[in-house]
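Notes follow the structure.
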Amino acid sequence: MSHRDFKDRVYAQFARISQALASAKRLELVDLLAQAPRHVDALATETEMSVANVSQHLQNLKAAGLVEARRSGRKTIYNLTGDDVLALWLSLRTVAETRLAEVGRVTSEAVPERGAERLLSRGELERLFGTDEVVLIDVRPTAEYEAGHLPGAISIPIDQLEDRLPELPRDRRVIAYCRGEYCLFADEAVALLREKGYDAIRLAGGWPEWKAEERPTSTTRSF
């Protein structure tokens with residue numbers, strides 16, 4: 001095999017990965033599957049796409065080896081093929097944050113108050129484990145919490161938070177986290193908690209960033 005043939009063939013394989021990720025909707029699917037395995041109907045609801053469109057996007061991701069599928073009863077469950085896919089997604093995001101100013105502008109428009117407050121770093125939170133200084137709440141959907149969560153976190157999905165405020169002590173700081181840097185659930189939770197008189201703060205990042213850093217995790221069911 002000539003050098004040129006080798007280059008053409010191997011770089012064509014690398015291009016399959018970039019082509020699979022060259023879609024905003026497919027990136028959103030990767031981000032959702034970083035939270036927990038899901039079936040097509042659930043992904044369609046989350047992304048506000050048709051089941052047919054989601055299925056097509058998943059087939060593109062599967063062909064590139066980024067997701068895998070398995071049968072569970074009458075449904076097909078999809079998940080990322082490994083932590084390296086999560087690392088790839090987070091690396092792509094980091095490059096975009098660094099090189100594309102529009103990422104910061106869009107985020108600032110969506111949550112202007114986030115830039116004005118100090119987020120709690122993941123390292124700071126880990127140092128607080130085992131103390132009685134804080135309460136940690138996971139405001140993602142229950143299925144995502146069950147698939148994996150931060151140790152000691154209480155599951156209070158964002159749509160249940162207002163009704164479940166009496167469960168939270170007022171003499172401890174409440175830390176909220178969700179799907180990651182580009183999820184607004186935790187921001188909404190902190191805004192509500194502060195409005196109700198709680199000392200609340202958002203965790204920097206969320207579940208994917210925590211998991212990618214190989215920090216301690218917990219789960220309540222297997223997949």
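Following the order of the structure tokens, first chain is A, next is B, and so on, with residues numbered from 1 inside each chain and ligands from 1 in the order they appear.
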
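Running DSSP on the backbone gives helix (DSSP H, G or I) for these residues within stretch 155-184 of chain A: Ile158, Asp159, Gln160, Glu162, Asp163, Arg164, Leu165, Pro166 and Glu167 of chain A.
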
For this session: May I have the residues within 10 Å of A:Gly205 as a ChimeraX atom specification, using only C-alpha atoms and disregarding those fewer than 4 positions away in the same chain?
Result: /A:119-122,177-183,186,209-210

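Computed from the coordinates, the atom CA of A:Thr220 to atom CA of A:Glu146 distance equals 4.8 Å.
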
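Coordinates place atom CA of A:Arg140 at a distance of 15.9 Å from atom CA of A:Leu165.
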
Show me, as a PDB file with N, CA and C atoms, in the first residue's frame, the residues that have an atom within 8 Å of A:Asn79 when counting only C-alpha atoms, minus same-chain residues fewer than 5 positions from it.
```
ATOM      1  N   LEU A  33     -27.787  11.169  25.768  1.00  0.00           N
ATOM      2  CA  LEU A  33     -27.366   9.801  26.074  1.00  0.00           C
ATOM      3  C   LEU A  33     -26.206   9.768  27.058  1.00  0.00           C
ATOM      4  N   ALA A  34     -25.534  10.901  27.245  1.00  0.00           N
ATOM      5  CA  ALA A  34     -24.507  10.992  28.284  1.00  0.00           C
ATOM      6  C   ALA A  34     -25.136  10.982  29.674  1.00  0.00           C
ATOM      7  N   ALA A  36     -28.187   9.187  30.427  1.00  0.00           N
ATOM      8  CA  ALA A  36     -28.746   7.859  30.690  1.00  0.00           C
ATOM      9  C   ALA A  36     -29.147   7.221  29.366  1.00  0.00           C
ATOM     10  N   PRO A  37     -29.168   5.895  29.299  1.00  0.00           N
ATOM     11  CA  PRO A  37     -29.702   5.224  28.110  1.00  0.00           C
ATOM     12  C   PRO A  37     -31.165   5.614  27.910  1.00  0.00           C
ATOM     13  N   ARG A  38     -31.593   5.648  26.657  1.00  0.00           N
ATOM     14  CA  ARG A  38     -32.969   6.049  26.351  1.00  0.00           C
ATOM     15  C   ARG A  38     -33.480   5.300  25.131  1.00  0.00           C
ATOM     16  N   VAL A  67     -22.800   5.269  19.213  1.00  0.00           N
ATOM     17  CA  VAL A  67     -23.870   4.755  20.059  1.00  0.00           C
ATOM     18  C   VAL A  67     -24.101   3.295  19.711  1.00  0.00           C
ATOM     19  N   GLU A  68     -24.733   2.592  20.632  1.00  0.00           N
ATOM     20  CA  GLU A  68     -25.100   1.206  20.400  1.00  0.00           C
ATOM     21  C   GLU A  68     -26.540   1.003  20.845  1.00  0.00           C
ATOM     22  N   ALA A  69     -27.141  -0.065  20.376  1.00  0.00           N
ATOM     23  CA  ALA A  69     -28.556  -0.317  20.665  1.00  0.00           C
ATOM     24  C   ALA A  69     -28.732  -1.734  21.193  1.00  0.00           C
TER      25      ALA A  69
END
```

For this session: Would you list the contacts of A:Arg170 as JSON, numbers by chain, taking every protein, DNA or RNA residue within 12 Å and counting only C-alpha atoms, but skipping same-chain residues closer than 4 positions in sequence?
Result: {"A": [133, 134, 135, 165, 166, 174, 193, 194, 196, 197, 198, 199, 200]}

For this session: For A:Asn53, work out the shell of residues within 10 Å, counting only C-alpha atoms and skipping chain neighbours fewer than 6 positions away, then give it as an NGL selection string.
Result: :A and (25 or 40 or 44 or 59)

Output for the residues just chosen: N, CA and C atoms as a short mmCIF file (atom, residue, chain, number, x, y, z; two decimals), in the first residue's frame:
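result.cif was written with the following content:
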```cif
data_model
loop_
_atom_site.label_atom_id
_atom_site.label_comp_id
_atom_site.auth_asym_id
_atom_site.auth_seq_id
_atom_site.Cartn_x
_atom_site.Cartn_y
_atom_site.Cartn_z
N LYS A 25 -28.57 18.46 16.00
CA LYS A 25 -29.49 17.52 16.62
C LYS A 25 -28.78 16.26 17.09
N VAL A 40 -36.14 5.48 21.70
CA VAL A 40 -36.35 6.49 20.66
C VAL A 40 -37.47 7.45 21.02
N ALA A 44 -37.21 11.46 21.22
CA ALA A 44 -38.03 12.31 20.35
C ALA A 44 -38.75 13.37 21.18
N GLN A 59 -29.10 6.20 13.72
CA GLN A 59 -28.44 5.27 12.80
C GLN A 59 -27.12 5.85 12.31
#
```

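Across the model, the gap from atom CA of A:Leu80 to atom CA of A:Leu66 is 6.0 Å.
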
Exercise. Residues at most 12 Å from A:Leu43, counting only C-alpha atoms, excluding those fewer than 6 positions away in the same chain, as a list in words?
Worked result: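 In the requested form, the answer reads Lys25, Arg26, Glu28, Leu29, Val30, Asp31, Leu32, Leu33, Gln35, Ala36, Pro37, Met49, Ser50, Val51, Ala52, Asn53, Val54, Ser55, His57, Leu58, Thr76, Ile77, Tyr78 and Asn79 of chain A.
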
Exercise. Which residue, A:Ile137, A:Ile154, A:Leu192, A:Ala63, has the smallest gap to A:Ala176 when you use only C-alpha atoms?
Worked result: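 Using only C-alpha atoms, A:Ala176 sits closest to A:Ile137.
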
Problem set entry | Residue with smallest distance to A:Ala20 - pool A:Ser72, A:Thr81, A:Asn60, A:Thr131, counting only C-alpha atoms |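 Checking each of A:Ser72, A:Thr81, A:Asn60, A:Thr131 against A:Ala20, counting only C-alpha atoms, the winner is A:Asn60.
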
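Nearest residue to A:Lys62 among A:Val85, A:Val106, A:Ala42, A:Leu150 is A:Val85, counting only C-alpha atoms.
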
Exercise. Stretch 1-220 of chain A: which residues are strand (DSSP E or B) by DSSP, as a PyMOL selection string?
Worked result: chain A and resi 38-39+67-72+75-80+120+134-138+149+154-155+173-177+200-203+218
